>>> print(open('final_35.pdb').read())   # PDB, C-alpha atoms, pLDDT in the B column
ATOM      1  CA  MET A  80     150.851 117.788 118.541  1.00 54.00           C
ATOM      2  CA  GLN A  81     147.236 118.547 119.236  1.00 63.00           C
ATOM      3  CA  LEU A  82     144.886 115.754 120.200  1.00 64.00           C
ATOM      4  CA  LYS A  83     142.535 116.362 117.259  1.00 73.00           C
ATOM      5  CA  ASP A  84     145.444 116.211 114.786  1.00 84.00           C
ATOM      6  CA  ARG A  85     146.697 112.994 116.330  1.00 88.00           C
ATOM      7  CA  GLU A  86     143.240 111.434 116.236  1.00 92.00           C
ATOM      8  CA  ALA A  87     142.718 112.359 112.579  1.00 92.00           C
ATOM      9  CA  ILE A  88     146.063 110.827 111.632  1.00 93.00           C
ATOM     10  CA  ILE A  89     145.340 107.652 113.588  1.00 95.00           C
ATOM     11  CA  GLN A  90     141.960 107.306 111.853  1.00 95.00           C
ATOM     12  CA  LYS A  91     143.529 107.716 108.400  1.00 95.00           C
ATOM     13  CA  ILE A  92     146.182 105.091 109.141  1.00 95.00           C
ATOM     14  CA  VAL A  93     143.621 102.645 110.542  1.00 94.00           C
ATOM     15  CA  GLU A  94     141.400 103.085 107.475  1.00 95.00           C
ATOM     16  CA  GLU A  95     144.298 102.508 105.091  1.00 94.00           C
ATOM     17  CA  SER A  96     145.468  99.503 107.111  1.00 93.00           C
ATOM     18  CA  ASN A  97     142.002  97.972 107.054  1.00 91.00           C
ATOM     19  CA  GLN A  98     142.010  98.196 103.273  1.00 92.00           C
ATOM     20  CA  ALA A  99     145.221  96.150 103.116  1.00 88.00           C
ATOM     21  CA  SER A 100     144.341  92.494 102.746  1.00 82.00           C
ATOM     22  CA  LYS A 101     147.399  90.917 104.341  1.00 88.00           C
ATOM     23  CA  GLU A 102     149.495  91.579 107.416  1.00 86.00           C
ATOM     24  CA  ALA A 103     152.439  92.592 105.216  1.00 90.00           C
ATOM     25  CA  GLY A 104     150.259  95.243 103.610  1.00 90.00           C
ATOM     26  CA  LYS A 105     149.256  96.618 107.001  1.00 90.00           C
ATOM     27  CA  GLN A 106     152.921  96.815 108.000  1.00 92.00           C
ATOM     28  CA  ARG A 107     153.757  98.599 104.746  1.00 94.00           C
ATOM     29  CA  VAL A 108     151.071 101.204 105.487  1.00 94.00           C
ATOM     30  CA  LEU A 109     152.599 101.852 108.922  1.00 93.00           C
ATOM     31  CA  VAL A 110     156.110 102.171 107.500  1.00 93.00           C
ATOM     32  CA  GLU A 111     154.932 104.614 104.830  1.00 94.00           C
ATOM     33  CA  TRP A 112     153.092 106.734 107.399  1.00 93.00           C
ATOM     34  CA  ARG A 113     156.113 106.791 109.721  1.00 91.00           C
ATOM     35  CA  ALA A 114     158.148 108.252 106.855  1.00 90.00           C
ATOM     36  CA  LYS A 115     155.442 110.835 106.076  1.00 90.00           C
ATOM     37  CA  LEU A 116     155.194 111.968 109.692  1.00 89.00           C
ATOM     38  CA  GLU A 117     158.942 112.531 109.976  1.00 85.00           C
ATOM     39  CA  LYS A 118     158.885 115.039 107.124  1.00 83.00           C
ATOM     40  CA  GLU A 119     157.531 118.559 106.860  1.00 74.00           C
ATOM     41  CA  PRO A 120     154.953 119.935 107.383  1.00 76.00           C
ATOM     42  CA  THR A 121     154.229 117.700 110.389  1.00 70.00           C
ATOM     43  CA  LEU A 122     157.770 117.161 111.700  1.00 74.00           C
ATOM     44  CA  PHE A 123     156.620 114.985 114.582  1.00 82.00           C
ATOM     45  CA  THR A 124     159.255 113.792 117.003  1.00 86.00           C
ATOM     46  CA  LEU A 125     160.120 110.107 116.997  1.00 88.00           C
ATOM     47  CA  HIS A 126     158.377 109.745 120.344  1.00 91.00           C
ATOM     48  CA  GLN A 127     155.158 111.228 118.938  1.00 90.00           C
ATOM     49  CA  ILE A 128     155.340 108.974 115.886  1.00 91.00           C
ATOM     50  CA  ASP A 129     155.809 105.929 118.127  1.00 93.00           C
ATOM     51  CA  GLU A 130     152.736 106.941 120.137  1.00 94.00           C
ATOM     52  CA  ILE A 131     150.666 107.210 116.965  1.00 93.00           C
ATOM     53  CA  VAL A 132     151.856 103.835 115.671  1.00 94.00           C
ATOM     54  CA  ARG A 133     151.112 102.202 119.038  1.00 95.00           C
ATOM     55  CA  ALA A 134     147.602 103.628 119.012  1.00 95.00           C
ATOM     56  CA  VAL A 135     147.028 102.358 115.465  1.00 95.00           C
ATOM     57  CA  ARG A 136     148.223  98.853 116.372  1.00 93.00           C
ATOM     58  CA  GLU A 137     145.950  98.783 119.427  1.00 95.00           C
ATOM     59  CA  ARG A 138     142.930  99.776 117.335  1.00 94.00           C
ATOM     60  CA  LEU A 139     143.745  97.236 114.664  1.00 91.00           C
ATOM     61  CA  LYS A 140     143.996  94.485 117.288  1.00 90.00           C
ATOM     62  CA  ALA A 141     140.711  95.554 118.862  1.00 91.00           C
ATOM     63  CA  SER A 142     138.918  95.423 115.514  1.00 82.00           C
ATOM     64  CA  GLN A 143     139.974  91.853 114.742  1.00 74.00           C
TER
END
>>> encode(input="final_35.pdb", output="C-alpha cells")
Amino acid sequence: MQLKDREAIIQKIVEESNQASKEAGKQRVLVEWRAKLEKEPTLFTLHQIDEIVRAVRERLKASQ
C-alpha cells in the first residue's frame, strides 16, 4: 500500500463519516469501508485495513 493511496482512502472515509449525523452512522461508514477494502481491486491485508481505520478514528476524534 502506497502512502498516497492510504491517505486518499483515509480522507474519503473521514469525509463520509463527517456527513453522518450520529455516531451509529459513522460506525456504519467504517464497517462499509472495511468490507470494500477487503475486496478487489484493493485487496488490503487485515493489518493494513486496521491501520486505515485507526487513522480515521484518530482524525475524527481530533476534529471534534
>>> closest_residue(input="final_35.pdb", among="A:Ile89, A:Lys105, A:Lys115, A:Asp84", to="Arg133 (chain A)", atoms="all atoms listed in the file")
A:Ile89
>>> atom_distance(input="final_35.pdb", atom1="CA of His126 (chain A)", atom2="CA of Ser96 (chain A)")
21.1 Å
>>> resolve_selection(input="final_35.pdb", expression="the PyMOL selection byres ((chain A and resi 135-140) around 12)", output="PyMOL selection string")
chain A and resi 85-99+102+105-106+108-109+112-113+128-134+141-143
>>> write_last_selection(input="final_35.pdb", atoms="C-alpha atoms", output="mmCIF file, in the frame of the given file")
data_model
loop_
_atom_site.group_PDB
_atom_site.id
_atom_site.type_symbol
_atom_site.label_atom_id
_atom_site.label_comp_id
_atom_site.auth_asym_id
_atom_site.auth_seq_id
_atom_site.Cartn_x
_atom_site.Cartn_y
_atom_site.Cartn_z
ATOM 1 C CA ARG A 85 146.697 112.994 116.330
ATOM 2 C CA GLU A 86 143.240 111.434 116.236
ATOM 3 C CA ALA A 87 142.718 112.359 112.579
ATOM 4 C CA ILE A 88 146.063 110.827 111.632
ATOM 5 C CA ILE A 89 145.340 107.652 113.588
ATOM 6 C CA GLN A 90 141.960 107.306 111.853
ATOM 7 C CA LYS A 91 143.529 107.716 108.400
ATOM 8 C CA ILE A 92 146.182 105.091 109.141
ATOM 9 C CA VAL A 93 143.621 102.645 110.542
ATOM 10 C CA GLU A 94 141.400 103.085 107.475
ATOM 11 C CA GLU A 95 144.298 102.508 105.091
ATOM 12 C CA SER A 96 145.468 99.503 107.111
ATOM 13 C CA ASN A 97 142.002 97.972 107.054
ATOM 14 C CA GLN A 98 142.010 98.196 103.273
ATOM 15 C CA ALA A 99 145.221 96.150 103.116
ATOM 16 C CA GLU A 102 149.495 91.579 107.416
ATOM 17 C CA LYS A 105 149.256 96.618 107.001
ATOM 18 C CA GLN A 106 152.921 96.815 108.000
ATOM 19 C CA VAL A 108 151.071 101.204 105.487
ATOM 20 C CA LEU A 109 152.599 101.852 108.922
ATOM 21 C CA TRP A 112 153.092 106.734 107.399
ATOM 22 C CA ARG A 113 156.113 106.791 109.721
ATOM 23 C CA ILE A 128 155.340 108.974 115.886
ATOM 24 C CA ASP A 129 155.809 105.929 118.127
ATOM 25 C CA GLU A 130 152.736 106.941 120.137
ATOM 26 C CA ILE A 131 150.666 107.210 116.965
ATOM 27 C CA VAL A 132 151.856 103.835 115.671
ATOM 28 C CA ARG A 133 151.112 102.202 119.038
ATOM 29 C CA ALA A 134 147.602 103.628 119.012
ATOM 30 C CA ALA A 141 140.711 95.554 118.862
ATOM 31 C CA SER A 142 138.918 95.423 115.514
ATOM 32 C CA GLN A 143 139.974 91.853 114.742
#
>>> atom_distance(input="final_35.pdb", atom1="CA of Ala103 (chain A)", atom2="CA of Gln127 (chain A)")
23.3 Å
>>> axis_aligned_box(input="final_35.pdb", around="region 84-102 of chain A", padding_each_side="6 Å", output="lines of an AutoDock Vina configuration file")
center_x = 145.4
center_y = 103.6
center_z = 109.5
size_x = 20.1
size_y = 37.3
size_z = 25.6
